[in-house]
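**Student:** What follows is a single structure, and I will ask about it in a moment.
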Amino acid sequence: MKHAIELTINGKCYQIEVEPEERLLDVLRDRLGLIGAKEGCSTGDCGACTVLMNGQAVTSCMILAVAVDGADITTIEGLEKDGEIHPLQKAFIEEGAVQCGYCTPGMILSALALLKENPEPSDDEIRRALAGNLCRCTGYTRIIAAVKAGAERMKNHG
Amino acid sequence: MQFEYFRPQSMNEALRFLADHKKEAMILAGGTDVINGLRTGKQAAKYLVDIGHLADMKGIHPADDGLFIGALAKVRDIERSPLLVDGWRVIAQAAGTLASAQIRNLATIGGNICNASPSADMAPALLVLDSMAEIAGIEERHRVPLDQFFKGPGKTILAPGQILIGFHVGRQLPNTAGYYIKRGVRRAMDCAIVGVAALASTSDGHLSKVRIALGAVAPTPFRAYKAEQFILEQGDLDQTTISKAARIASEACRPIDDVRSRAWYRRRMVEVETNRALGWVAKELKWGEG
Ligand code: FES
Ligand code: FES
């Protein structure tokens, strides 16, 4: 049986009918074409599917869409403002923290959730916040540098 | 996976539905274990009963006899709760070791316990605090000590139709310290190879309470009663006593070989980590410092 749900995604309201087994990740990618969130493991382990739900980082492969009726979701597509990417995204590019890019949307959203709570995190705090995001390319060092640089940029951009 | 989704509006409605569909219904809370179970086919259900919205099972609340932690309290909220200080801090600390930030934002303490994994990180911390689990069925509600709750890997005393409502955690003596150590393959994300929680209280310079609970080294999380008893008899938390108690604790476990670790290593690590956990507790209580 289908269920009607309402989600606010990147500030826009969507009314969607979903099957009970559809995950938030499926709705984002297959129904709405928001393919920034990636499917890596499908088991909650890799973090490639990370989005923000009501401001908190969550793995969208572990969420049934029907169960989060009314939620406020931010995906990587929602970070752009007036045609400009987010300061944290710029920092990832500048620090060379992106290689294949598969982990990047999840990394950035996990990092953003951290920086909102803790604008000046230590290396250890960054590592802990990103422990659920796997990257098979970069070796993490540049990602941590990018989060630090992003934190600086965000302060300057208000 | 195929199932029908049902979201009860109240506890009564949930209990009624579960009573009417005993074997066909499965409870959904945080979803981080259930969704994996359903997708891999390890679990199946005709109805998924989403209790995630039931307000009386949420949050952490001060109570007359201590604390009530709702089964739906998110692991992340437990990790950061301003109520979980002093003797209760071990719960918050254990919560911080579970999986990743993303999973902690979704997972509930009740789910961690009901899933009944031998390595559930919340179990040893709740066990050393003598927590009581509150269970509701359609016609009754009762409390059981948590150490009677687990029956085996994935098995609990919950009968079909019953819901775990939350945990009652008693007030602790002012001089109480507790600590949870998780040894895993990685420092984050992974399940524990060995989990050890230790807690002790002193009053008037005497040891009045000692608790040790172990995870991932037997079919269920459990209390190491003999080791606790030994320390109480010695009345001391010096290194000699701690070392002997850690040895006794390691003898009490029944570990298995699996992908994460060999049984012999688990047993050895129970001794090492029990030693460390008790050492931390003794230091925190300033034991032996005059
Ligand atoms: S796809 Fe969701 S955590 Fe890997
Ligand atoms: S850049 Fe390739 S997985 Fe991270």
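Naming works like this for the structure tokens: A, B, ... for the chains as they're shown, residue 1 at the start of each chain, ligands 1 onward in shown order.
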With only C-alpha atoms and all ligand atoms counted, collect every polymer residue having an atom within 12 Å of ligand 1; state the result as a PyMOL selection string.
**Tutor:** (chain A and resi 23-26+37-51+57-63+102-103+105-107+110+131-135) or (chain B and resi 32+35-36+99-103+189)
**Student:** Going by DSSP on the backbone, which residues of region 49-83 of chain A come out as strand (DSSP E)? List them as a PyMOL selection string.
**Tutor:** chain A and resi 50-53+56-59+72-74
**Student:** Using only C-alpha atoms and all ligand atoms, which protein or nucleic acid residues are at most 6 Å from ligand 2, as a list in words?
**Tutor:**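 Residues lying within 6 Å of ligand 2: Val98, Gln99, Cys100, Gly101, Tyr102, Cys103, Thr104, Cys135, Arg136, Cys137 and Thr138 of chain A.
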**Student:** Just to be explicit: take each residue in the selection above, keep N, CA and C atoms, and write the result as a tab-separated table (two decimals), in the first residue's frame.
**Tutor:**
```tsv
chain	number	residue	atom	x	y	z
A	98	VAL	N	39.21	16.04	-2.91
A	98	VAL	CA	38.31	15.26	-3.76
A	98	VAL	C	39.12	14.52	-4.81
A	99	GLN	N	38.93	13.22	-4.91
A	99	GLN	CA	39.54	12.51	-6.04
A	99	GLN	C	38.42	11.96	-6.92
A	100	CYS	N	37.94	10.74	-6.63
A	100	CYS	CA	36.83	10.26	-7.46
A	100	CYS	C	35.53	10.98	-7.12
A	101	GLY	N	35.44	11.46	-5.88
A	101	GLY	CA	34.29	12.27	-5.48
A	101	GLY	C	33.10	11.51	-4.94
A	102	TYR	N	33.20	10.18	-4.91
A	102	TYR	CA	32.04	9.39	-4.49
A	102	TYR	C	31.68	9.63	-3.02
A	103	CYS	N	32.69	9.81	-2.20
A	103	CYS	CA	32.43	10.00	-0.78
A	103	CYS	C	32.14	11.45	-0.44
A	104	THR	N	32.44	12.36	-1.39
A	104	THR	CA	32.52	13.79	-1.06
A	104	THR	C	31.21	14.40	-0.54
A	135	CYS	N	36.48	6.97	2.71
A	135	CYS	CA	37.01	7.44	1.45
A	135	CYS	C	38.05	6.44	0.99
A	136	ARG	N	37.91	5.95	-0.23
A	136	ARG	CA	38.87	4.95	-0.72
A	136	ARG	C	40.00	5.60	-1.51
A	137	CYS	N	39.99	6.92	-1.67
A	137	CYS	CA	41.00	7.56	-2.52
A	137	CYS	C	42.00	8.45	-1.77
A	138	THR	N	41.51	9.35	-0.96
A	138	THR	CA	42.36	10.47	-0.55
A	138	THR	C	43.29	10.19	0.61
```
**Student:** Skipping near chain neighbours, those fewer than 6 positions away, what residues fall within 10 Å of Leu83 (chain B) using only C-alpha atoms, listed as a count of residues only?
**Tutor:** 6
**Student:** Identify, on the basis of only C-alpha atoms, every residue whose closest approach to region 113-126 of chain B does not exceed 8 Å; exclude the query and any residue fewer than 2 positions from it along the same chain; express the result as a PyMOL selection string.
**Tutor:** chain B and resi 33+90-91+94-95+97-98+109-111+128-131+146+150+152-156+164+169+179-180+182+191-197+212-223
**Student:** When distances are computed from only C-alpha atoms, which of B:Ser201, B:Gln2, B:Gln43, B:Ser243 shows the smallest separation from chain A?
**Tutor:**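 So, comparing all the options, the nearest one is B:Gln2.
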**Student:** Skip region 140-145 of chain A itself and residues of its chain fewer than 5 positions away, then list as a list in words all residues within 7 Å of it, counting only C-alpha atoms.
**Tutor:** Phe92, Glu95, Gly96, Ala97, Asp123 and Ile126 of chain A
**Student:** Got a sec to pull out which chain B residues are within 12 Å of chain A, counting only C-alpha atoms, and send them as a PDB file with C-alpha atoms, in the first residue's frame?
**Tutor:**
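Okay, this is what ended up in part07.pdb:
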```
ATOM      1  CA  MET B   1      11.639  -6.874   1.558  1.00  0.00           C
ATOM      2  CA  GLN B   2       7.909  -6.445   1.543  1.00  0.00           C
ATOM      3  CA  PHE B   3       5.686  -5.438   4.380  1.00  0.00           C
ATOM      4  CA  GLU B   4       2.883  -3.152   5.333  1.00  0.00           C
ATOM      5  CA  TYR B   5       3.660  -0.074   7.365  1.00  0.00           C
ATOM      6  CA  PHE B   6       1.588   0.900  10.369  1.00  0.00           C
ATOM      7  CA  ARG B   7       2.093   3.916  12.605  1.00  0.00           C
ATOM      8  CA  PRO B   8       0.096   3.760  15.836  1.00  0.00           C
ATOM      9  CA  LEU B  28      10.435  -0.299  14.013  1.00  0.00           C
ATOM     10  CA  ALA B  29      12.167   2.359  16.138  1.00  0.00           C
ATOM     11  CA  GLY B  30      15.456   3.877  14.944  1.00  0.00           C
ATOM     12  CA  GLY B  31      15.564   1.385  12.078  1.00  0.00           C
ATOM     13  CA  THR B  32      19.323   0.927  11.865  1.00  0.00           C
ATOM     14  CA  ASP B  33      19.154  -2.799  12.650  1.00  0.00           C
ATOM     15  CA  VAL B  34      15.646  -3.550  11.380  1.00  0.00           C
ATOM     16  CA  ILE B  35      16.187  -2.198   7.865  1.00  0.00           C
ATOM     17  CA  ASN B  36      19.364  -4.233   7.452  1.00  0.00           C
ATOM     18  CA  GLY B  37      17.593  -7.314   8.764  1.00  0.00           C
ATOM     19  CA  LEU B  38      14.683  -6.920   6.362  1.00  0.00           C
ATOM     20  CA  ARG B  39      16.820  -6.110   3.336  1.00  0.00           C
ATOM     21  CA  THR B  40      19.160  -9.057   3.804  1.00  0.00           C
ATOM     22  CA  ALA B  45       7.502  -9.301   8.825  1.00  0.00           C
ATOM     23  CA  LYS B  46       4.053  -8.777   7.400  1.00  0.00           C
ATOM     24  CA  TYR B  47       3.603  -5.579   9.362  1.00  0.00           C
ATOM     25  CA  LEU B  48       6.202  -3.087  10.425  1.00  0.00           C
ATOM     26  CA  VAL B  49       4.866  -1.200  13.441  1.00  0.00           C
ATOM     27  CA  ASP B  50       6.578   2.184  13.672  1.00  0.00           C
ATOM     28  CA  ILE B  51       6.619   3.234  17.324  1.00  0.00           C
ATOM     29  CA  GLY B  52       9.242   5.924  16.684  1.00  0.00           C
ATOM     30  CA  HIS B  53       6.761   8.729  17.367  1.00  0.00           C
ATOM     31  CA  ARG B  76      23.248  10.711  20.220  1.00  0.00           C
ATOM     32  CA  ASP B  77      21.043  12.471  22.777  1.00  0.00           C
ATOM     33  CA  GLY B  96      29.684   7.836  22.347  1.00  0.00           C
ATOM     34  CA  THR B  97      31.461   4.620  21.324  1.00  0.00           C
ATOM     35  CA  LEU B  98      28.577   3.286  19.246  1.00  0.00           C
ATOM     36  CA  ALA B  99      28.937   3.194  15.446  1.00  0.00           C
ATOM     37  CA  SER B 100      29.102   6.595  13.692  1.00  0.00           C
ATOM     38  CA  ALA B 101      27.569  10.038  14.254  1.00  0.00           C
ATOM     39  CA  GLN B 102      25.030   9.306  11.503  1.00  0.00           C
ATOM     40  CA  ILE B 103      23.946   6.048  13.112  1.00  0.00           C
ATOM     41  CA  ARG B 104      23.892   7.537  16.633  1.00  0.00           C
ATOM     42  CA  ASN B 105      21.513  10.207  15.330  1.00  0.00           C
ATOM     43  CA  LEU B 106      19.058   7.476  14.284  1.00  0.00           C
ATOM     44  CA  ALA B 107      19.602   4.571  16.661  1.00  0.00           C
ATOM     45  CA  ARG B 186      38.721   0.211  14.389  1.00  0.00           C
ATOM     46  CA  ARG B 187      38.381   2.937  16.963  1.00  0.00           C
ATOM     47  CA  ALA B 188      34.982   3.841  15.505  1.00  0.00           C
ATOM     48  CA  MET B 189      32.131   2.232  13.596  1.00  0.00           C
ATOM     49  CA  ASP B 190      32.841  -1.414  14.272  1.00  0.00           C
ATOM     50  CA  CYS B 191      31.268  -3.739  16.827  1.00  0.00           C
TER      51      CYS B 191
END
```
**Student:** Name the residues of region 1-187 of chain B that fall into alpha helix (DSSP H) according to DSSP on the backbone, using the chain letters and numbers of this document, as a short mmCIF file (atom, residue, chain, number, x, y, z; two decimals) with all heavy atoms, in the first residue's frame.
**Tutor:**
```
data_model
loop_
_atom_site.label_atom_id
_atom_site.label_comp_id
_atom_site.auth_asym_id
_atom_site.auth_seq_id
_atom_site.Cartn_x
_atom_site.Cartn_y
_atom_site.Cartn_z
N MET B 11 0.46 4.52 22.61
CA MET B 11 0.98 3.26 23.13
C MET B 11 -0.09 2.18 23.11
O MET B 11 0.16 1.04 22.75
CB MET B 11 1.45 3.51 24.56
CG MET B 11 1.97 2.31 25.24
SD MET B 11 3.67 2.05 24.81
CE MET B 11 4.39 3.43 25.66
N ASN B 12 -1.32 2.55 23.51
CA ASN B 12 -2.40 1.57 23.54
C ASN B 12 -2.69 1.00 22.17
O ASN B 12 -2.89 -0.19 22.01
CB ASN B 12 -3.68 2.21 24.09
CG ASN B 12 -3.75 2.02 25.60
OD1 ASN B 12 -3.04 1.16 26.12
ND2 ASN B 12 -4.56 2.81 26.25
N GLU B 13 -2.71 1.90 21.19
CA GLU B 13 -2.97 1.44 19.83
C GLU B 13 -1.85 0.50 19.36
O GLU B 13 -2.11 -0.52 18.72
CB GLU B 13 -3.07 2.66 18.90
CG GLU B 13 -3.77 2.36 17.60
CD GLU B 13 -3.75 3.56 16.64
OE1 GLU B 13 -3.47 4.69 17.08
OE2 GLU B 13 -4.03 3.33 15.45
N ALA B 14 -0.63 0.84 19.72
CA ALA B 14 0.51 0.00 19.35
C ALA B 14 0.37 -1.38 19.99
O ALA B 14 0.53 -2.41 19.33
CB ALA B 14 1.81 0.65 19.77
N LEU B 15 0.07 -1.40 21.29
CA LEU B 15 -0.03 -2.67 22.01
C LEU B 15 -1.19 -3.51 21.49
O LEU B 15 -1.09 -4.73 21.36
CB LEU B 15 -0.18 -2.41 23.52
CG LEU B 15 1.08 -1.87 24.20
CD1 LEU B 15 0.77 -1.36 25.60
CD2 LEU B 15 2.17 -2.94 24.24
N ARG B 16 -2.29 -2.84 21.18
CA ARG B 16 -3.46 -3.54 20.63
C ARG B 16 -3.11 -4.19 19.29
O ARG B 16 -3.35 -5.37 19.07
CB ARG B 16 -4.60 -2.51 20.48
CG ARG B 16 -5.77 -2.89 19.63
CD ARG B 16 -6.64 -3.99 20.22
NE ARG B 16 -7.00 -3.78 21.62
CZ ARG B 16 -7.20 -4.76 22.49
NH1 ARG B 16 -7.07 -6.02 22.12
NH2 ARG B 16 -7.53 -4.49 23.73
N PHE B 17 -2.45 -3.42 18.43
CA PHE B 17 -2.08 -3.95 17.11
C PHE B 17 -1.13 -5.14 17.25
O PHE B 17 -1.29 -6.16 16.60
CB PHE B 17 -1.44 -2.85 16.25
CG PHE B 17 -1.23 -3.26 14.82
CD1 PHE B 17 -2.20 -3.01 13.86
CD2 PHE B 17 -0.07 -3.93 14.43
CE1 PHE B 17 -2.01 -3.40 12.54
CE2 PHE B 17 0.13 -4.32 13.11
CZ PHE B 17 -0.85 -4.05 12.17
N LEU B 18 -0.14 -4.97 18.15
CA LEU B 18 0.84 -6.05 18.33
C LEU B 18 0.16 -7.30 18.91
O LEU B 18 0.48 -8.43 18.54
CB LEU B 18 1.97 -5.59 19.26
CG LEU B 18 2.93 -4.55 18.68
CD1 LEU B 18 3.85 -4.01 19.76
CD2 LEU B 18 3.74 -5.16 17.53
N ALA B 19 -0.80 -7.09 19.80
CA ALA B 19 -1.52 -8.23 20.39
C ALA B 19 -2.33 -8.95 19.33
O ALA B 19 -2.45 -10.18 19.34
CB ALA B 19 -2.43 -7.74 21.52
N ASP B 20 -2.89 -8.19 18.38
CA ASP B 20 -3.71 -8.80 17.33
C ASP B 20 -2.88 -9.48 16.24
O ASP B 20 -3.39 -10.30 15.49
CB ASP B 20 -4.60 -7.73 16.67
CG ASP B 20 -5.69 -7.25 17.62
OD1 ASP B 20 -5.89 -7.93 18.66
OD2 ASP B 20 -6.32 -6.21 17.35
N VAL B 34 16.81 -2.94 12.02
CA VAL B 34 15.65 -3.55 11.38
C VAL B 34 15.75 -3.49 9.85
O VAL B 34 15.51 -4.48 9.16
CB VAL B 34 14.35 -2.86 11.86
CG1 VAL B 34 13.17 -3.27 10.99
CG2 VAL B 34 14.09 -3.21 13.32
N ILE B 35 16.15 -2.34 9.32
CA ILE B 35 16.19 -2.20 7.86
C ILE B 35 17.23 -3.14 7.26
O ILE B 35 16.97 -3.80 6.25
CB ILE B 35 16.42 -0.72 7.47
CG1 ILE B 35 15.19 0.08 7.91
CG2 ILE B 35 16.66 -0.57 5.97
CD1 ILE B 35 15.28 1.56 7.73
N ASN B 36 18.38 -3.26 7.92
CA ASN B 36 19.36 -4.23 7.45
C ASN B 36 18.81 -5.64 7.50
O ASN B 36 18.98 -6.42 6.56
CB ASN B 36 20.63 -4.16 8.31
CG ASN B 36 21.68 -3.27 7.70
OD1 ASN B 36 21.69 -3.04 6.50
ND2 ASN B 36 22.56 -2.75 8.53
N GLY B 37 18.15 -5.97 8.59
CA GLY B 37 17.59 -7.31 8.76
C GLY B 37 16.59 -7.64 7.68
O GLY B 37 16.59 -8.73 7.11
N LEU B 38 15.72 -6.69 7.37
CA LEU B 38 14.68 -6.92 6.36
C LEU B 38 15.29 -7.00 4.97
O LEU B 38 14.91 -7.83 4.15
CB LEU B 38 13.64 -5.80 6.40
CG LEU B 38 12.72 -5.76 7.63
CD1 LEU B 38 11.89 -4.49 7.63
CD2 LEU B 38 11.82 -6.99 7.67
N ARG B 39 16.24 -6.14 4.69
CA ARG B 39 16.82 -6.11 3.34
C ARG B 39 17.65 -7.35 3.03
O ARG B 39 17.70 -7.81 1.90
CB ARG B 39 17.67 -4.86 3.16
CG ARG B 39 16.84 -3.62 2.89
CD ARG B 39 17.71 -2.40 2.79
NE ARG B 39 18.68 -2.50 1.73
CZ ARG B 39 18.47 -2.18 0.45
NH1 ARG B 39 17.30 -1.72 0.11
NH2 ARG B 39 19.41 -2.30 -0.46
N THR B 40 18.34 -7.87 4.05
CA THR B 40 19.16 -9.06 3.80
C THR B 40 18.32 -10.33 3.88
O THR B 40 18.82 -11.42 3.59
CB THR B 40 20.30 -9.17 4.85
OG1 THR B 40 19.69 -9.14 6.15
CG2 THR B 40 21.27 -8.03 4.73
N VAL B 75 20.65 7.48 20.71
CA VAL B 75 21.98 7.27 21.27
C VAL B 75 22.75 8.58 21.31
O VAL B 75 23.47 8.88 22.25
CB VAL B 75 22.72 6.18 20.46
CG1 VAL B 75 24.16 6.06 20.90
CG2 VAL B 75 21.99 4.84 20.61
N ARG B 76 22.55 9.43 20.28
CA ARG B 76 23.25 10.71 20.22
C ARG B 76 22.80 11.64 21.35
O ARG B 76 23.61 12.37 21.92
CB ARG B 76 22.96 11.38 18.88
CG ARG B 76 23.91 12.51 18.53
CD ARG B 76 25.23 11.92 18.15
NE ARG B 76 26.33 12.87 18.03
CZ ARG B 76 26.52 13.70 17.02
NH1 ARG B 76 25.65 13.75 16.05
NH2 ARG B 76 27.58 14.46 16.99
N ASP B 77 21.52 11.62 21.69
CA ASP B 77 21.04 12.47 22.78
C ASP B 77 21.54 11.97 24.13
O ASP B 77 21.79 12.76 25.03
CB ASP B 77 19.51 12.53 22.77
CG ASP B 77 18.99 13.21 21.50
OD1 ASP B 77 19.75 14.03 20.93
OD2 ASP B 77 17.86 12.91 21.07
N ILE B 78 21.69 10.66 24.24
CA ILE B 78 22.23 10.09 25.47
C ILE B 78 23.69 10.51 25.63
O ILE B 78 24.12 10.93 26.69
CB ILE B 78 22.10 8.55 25.45
CG1 ILE B 78 20.61 8.19 25.54
CG2 ILE B 78 22.90 7.90 26.56
CD1 ILE B 78 20.32 6.74 25.28
N GLU B 79 24.42 10.43 24.53
CA GLU B 79 25.83 10.81 24.52
C GLU B 79 26.01 12.23 25.05
O GLU B 79 26.98 12.54 25.73
CB GLU B 79 26.34 10.71 23.08
CG GLU B 79 27.78 11.05 22.85
CD GLU B 79 28.12 11.06 21.35
OE1 GLU B 79 27.24 10.74 20.51
OE2 GLU B 79 29.27 11.39 21.03
N ARG B 89 27.44 8.78 34.31
CA ARG B 89 28.17 9.23 33.13
C ARG B 89 28.55 8.07 32.20
O ARG B 89 28.65 8.23 30.98
CB ARG B 89 29.44 9.97 33.55
CG ARG B 89 29.95 10.95 32.50
CD ARG B 89 31.17 11.66 33.03
NE ARG B 89 32.26 10.72 33.16
CZ ARG B 89 33.35 10.73 32.40
NH1 ARG B 89 33.49 11.65 31.48
NH2 ARG B 89 34.30 9.86 32.57
N VAL B 90 28.75 6.90 32.80
CA VAL B 90 29.17 5.74 32.01
C VAL B 90 28.19 5.45 30.86
O VAL B 90 28.59 4.97 29.80
CB VAL B 90 29.37 4.50 32.94
CG1 VAL B 90 28.10 4.10 33.65
CG2 VAL B 90 29.96 3.33 32.18
N ILE B 91 26.92 5.78 31.05
CA ILE B 91 25.94 5.54 29.97
C ILE B 91 26.24 6.46 28.79
O ILE B 91 26.26 6.03 27.63
CB ILE B 91 24.49 5.81 30.44
CG1 ILE B 91 24.16 5.00 31.68
CG2 ILE B 91 23.51 5.50 29.33
CD1 ILE B 91 22.74 5.22 32.16
N ALA B 92 26.48 7.73 29.08
CA ALA B 92 26.76 8.70 28.02
C ALA B 92 28.06 8.32 27.31
O ALA B 92 28.18 8.39 26.08
CB ALA B 92 26.87 10.10 28.59
N GLN B 93 29.02 7.89 28.12
CA GLN B 93 30.32 7.56 27.56
C GLN B 93 30.22 6.35 26.63
O GLN B 93 30.78 6.34 25.53
CB GLN B 93 31.27 7.30 28.73
CG GLN B 93 32.70 7.17 28.34
CD GLN B 93 33.29 5.96 29.00
OE1 GLN B 93 32.85 5.55 30.08
NE2 GLN B 93 34.26 5.38 28.34
N ALA B 94 29.47 5.33 27.05
CA ALA B 94 29.28 4.15 26.20
C ALA B 94 28.54 4.54 24.92
O ALA B 94 28.85 4.05 23.83
CB ALA B 94 28.51 3.06 26.95
N ALA B 95 27.57 5.45 25.04
CA ALA B 95 26.80 5.87 23.86
C ALA B 95 27.73 6.47 22.81
O ALA B 95 27.56 6.25 21.61
CB ALA B 95 25.72 6.88 24.26
N ALA B 101 28.48 8.94 13.92
CA ALA B 101 27.57 10.04 14.25
C ALA B 101 26.23 9.84 13.54
O ALA B 101 25.17 10.03 14.14
CB ALA B 101 28.19 11.37 13.85
N GLN B 102 26.27 9.45 12.27
CA GLN B 102 25.03 9.31 11.50
C GLN B 102 24.13 8.23 12.10
O GLN B 102 22.91 8.38 12.13
CB GLN B 102 25.35 8.92 10.04
CG GLN B 102 26.08 9.99 9.25
CD GLN B 102 27.55 9.69 9.17
OE1 GLN B 102 28.19 9.48 10.20
NE2 GLN B 102 28.12 9.69 7.98
N ILE B 103 24.74 7.14 12.53
CA ILE B 103 23.95 6.05 13.11
C ILE B 103 23.46 6.45 14.51
O ILE B 103 22.32 6.20 14.88
CB ILE B 103 24.76 4.73 13.18
CG1 ILE B 103 25.16 4.27 11.78
CG2 ILE B 103 23.99 3.64 13.91
CD1 ILE B 103 24.02 3.84 10.88
N ARG B 104 24.32 7.12 15.28
CA ARG B 104 23.89 7.54 16.63
C ARG B 104 22.72 8.50 16.57
O ARG B 104 21.90 8.56 17.47
CB ARG B 104 25.06 8.17 17.39
CG ARG B 104 26.16 7.19 17.75
CD ARG B 104 27.09 7.73 18.82
NE ARG B 104 27.90 8.85 18.39
CZ ARG B 104 29.04 8.76 17.71
NH1 ARG B 104 29.50 7.58 17.35
NH2 ARG B 104 29.71 9.84 17.37
N ASN B 105 22.64 9.28 15.48
CA ASN B 105 21.51 10.21 15.33
C ASN B 105 20.20 9.47 15.07
O ASN B 105 19.12 10.03 15.27
CB ASN B 105 21.77 11.16 14.16
CG ASN B 105 22.69 12.30 14.56
OD1 ASN B 105 22.71 12.71 15.72
ND2 ASN B 105 23.46 12.82 13.61
N LEU B 106 20.27 8.24 14.60
CA LEU B 106 19.06 7.48 14.28
C LEU B 106 18.74 6.42 15.34
O LEU B 106 17.58 6.22 15.71
CB LEU B 106 19.23 6.76 12.93
CG LEU B 106 19.37 7.64 11.69
CD1 LEU B 106 19.82 6.79 10.50
CD2 LEU B 106 18.06 8.35 11.37
N ILE B 109 18.32 3.68 22.19
CA ILE B 109 18.89 2.80 23.23
C ILE B 109 18.06 1.52 23.34
O ILE B 109 18.60 0.43 23.51
CB ILE B 109 19.02 3.53 24.58
CG1 ILE B 109 19.76 2.66 25.60
CG2 ILE B 109 17.66 3.95 25.13
CD1 ILE B 109 20.14 3.37 26.88
N GLY B 110 16.75 1.65 23.18
CA GLY B 110 15.89 0.47 23.26
C GLY B 110 16.18 -0.51 22.14
O GLY B 110 16.21 -1.73 22.34
N GLY B 111 16.44 0.02 20.96
CA GLY B 111 16.77 -0.83 19.82
C GLY B 111 18.08 -1.56 20.05
O GLY B 111 18.20 -2.75 19.76
N ASN B 112 19.05 -0.85 20.59
CA ASN B 112 20.35 -1.47 20.86
C ASN B 112 20.19 -2.65 21.82
O ASN B 112 20.82 -3.70 21.65
CB ASN B 112 21.32 -0.42 21.43
CG ASN B 112 22.75 -0.91 21.55
OD1 ASN B 112 23.28 -1.04 22.63
ND2 ASN B 112 23.38 -1.22 20.42
N ILE B 113 19.32 -2.48 22.81
CA ILE B 113 19.10 -3.54 23.80
C ILE B 113 18.21 -4.66 23.23
O ILE B 113 18.51 -5.84 23.39
CB ILE B 113 18.50 -2.94 25.09
CG1 ILE B 113 19.50 -1.98 25.76
CG2 ILE B 113 18.07 -4.04 26.06
CD1 ILE B 113 20.84 -2.60 26.13
N CYS B 114 17.12 -4.30 22.55
CA CYS B 114 16.20 -5.33 22.04
C CYS B 114 16.82 -6.17 20.94
O CYS B 114 16.47 -7.33 20.75
CB CYS B 114 14.91 -4.69 21.51
SG CYS B 114 13.87 -4.11 22.83
N MET B 122 25.44 -0.45 24.68
CA MET B 122 24.70 0.14 25.79
C MET B 122 24.49 -0.84 26.94
O MET B 122 24.23 -0.44 28.07
CB MET B 122 23.33 0.67 25.32
CG MET B 122 23.39 1.77 24.27
SD MET B 122 24.60 3.06 24.61
CE MET B 122 24.05 3.68 26.19
N ALA B 123 24.61 -2.14 26.65
CA ALA B 123 24.26 -3.13 27.66
C ALA B 123 25.19 -3.12 28.89
O ALA B 123 24.70 -3.01 30.02
CB ALA B 123 24.19 -4.52 27.03
N PRO B 124 26.52 -3.21 28.71
CA PRO B 124 27.36 -3.24 29.91
C PRO B 124 27.17 -2.00 30.78
O PRO B 124 27.12 -2.10 32.02
CB PRO B 124 28.79 -3.30 29.35
CG PRO B 124 28.63 -3.93 28.00
CD PRO B 124 27.33 -3.42 27.48
N ALA B 125 27.01 -0.83 30.15
CA ALA B 125 26.84 0.42 30.93
C ALA B 125 25.54 0.37 31.73
O ALA B 125 25.50 0.75 32.91
CB ALA B 125 26.85 1.62 29.99
N LEU B 126 24.47 -0.10 31.12
CA LEU B 126 23.20 -0.19 31.85
C LEU B 126 23.28 -1.27 32.93
O LEU B 126 22.70 -1.13 34.01
CB LEU B 126 22.05 -0.51 30.89
CG LEU B 126 21.59 0.65 29.99
CD1 LEU B 126 20.60 0.14 28.94
CD2 LEU B 126 20.96 1.78 30.80
N LEU B 127 24.03 -2.34 32.66
CA LEU B 127 24.13 -3.43 33.65
C LEU B 127 24.86 -2.99 34.92
O LEU B 127 24.45 -3.34 36.01
CB LEU B 127 24.84 -4.64 33.03
CG LEU B 127 24.01 -5.49 32.07
CD1 LEU B 127 24.88 -6.54 31.38
CD2 LEU B 127 22.84 -6.17 32.80
N VAL B 128 25.94 -2.23 34.76
CA VAL B 128 26.68 -1.84 35.98
C VAL B 128 25.88 -0.85 36.83
O VAL B 128 26.20 -0.62 37.99
CB VAL B 128 28.09 -1.26 35.69
CG1 VAL B 128 29.01 -2.31 35.11
CG2 VAL B 128 28.04 -0.02 34.82
#
```
**Student:** Quick one: everything within 12 Å of Lys244 (chain B), counting only C-alpha atoms, minus sequence neighbours fewer than 5 positions away in the same chain. Send it as a list in words.
**Tutor:**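 That gives Lys226, Ala227, Glu228, Gln229, Phe230, Ile231, Gln234, Asp236, Leu237, Asp238, Gln239, Ala249, Ser250, Glu251, Glu271, Val272, Thr274, Asn275 and Leu278 of chain B.
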**Student:** Could you jot down the CA of Thr74 (chain A) to CA of Leu115 (chain A) separation for me, Å, one decimal place?
**Tutor:**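 We find that CA of Thr74 (chain A) and CA of Leu115 (chain A) lie 15.1 Å from each other.
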**Student:** Rounded to one decimal in Å, what is the spacing between CA of Glu152 (chain A) and CA of Asn54 (chain A)?
**Tutor:**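 These atoms are spaced 24.3 Å apart.
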**Student:** Would you compute the distance between CA of Ala177 (chain B) and CA of Pro145 (chain B)? Give it in Å to one decimal.
**Tutor:**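 Between these atoms lies a distance of 20.9 Å.
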**Student:** Applying 12 Å and only C-alpha atoms, which residues near Lys81 (chain A) remain after dropping the ones on its own chain fewer than 5 positions away? List them as a ChimeraX atom specification.
**Tutor:** /A:10-11,76,86-87,89
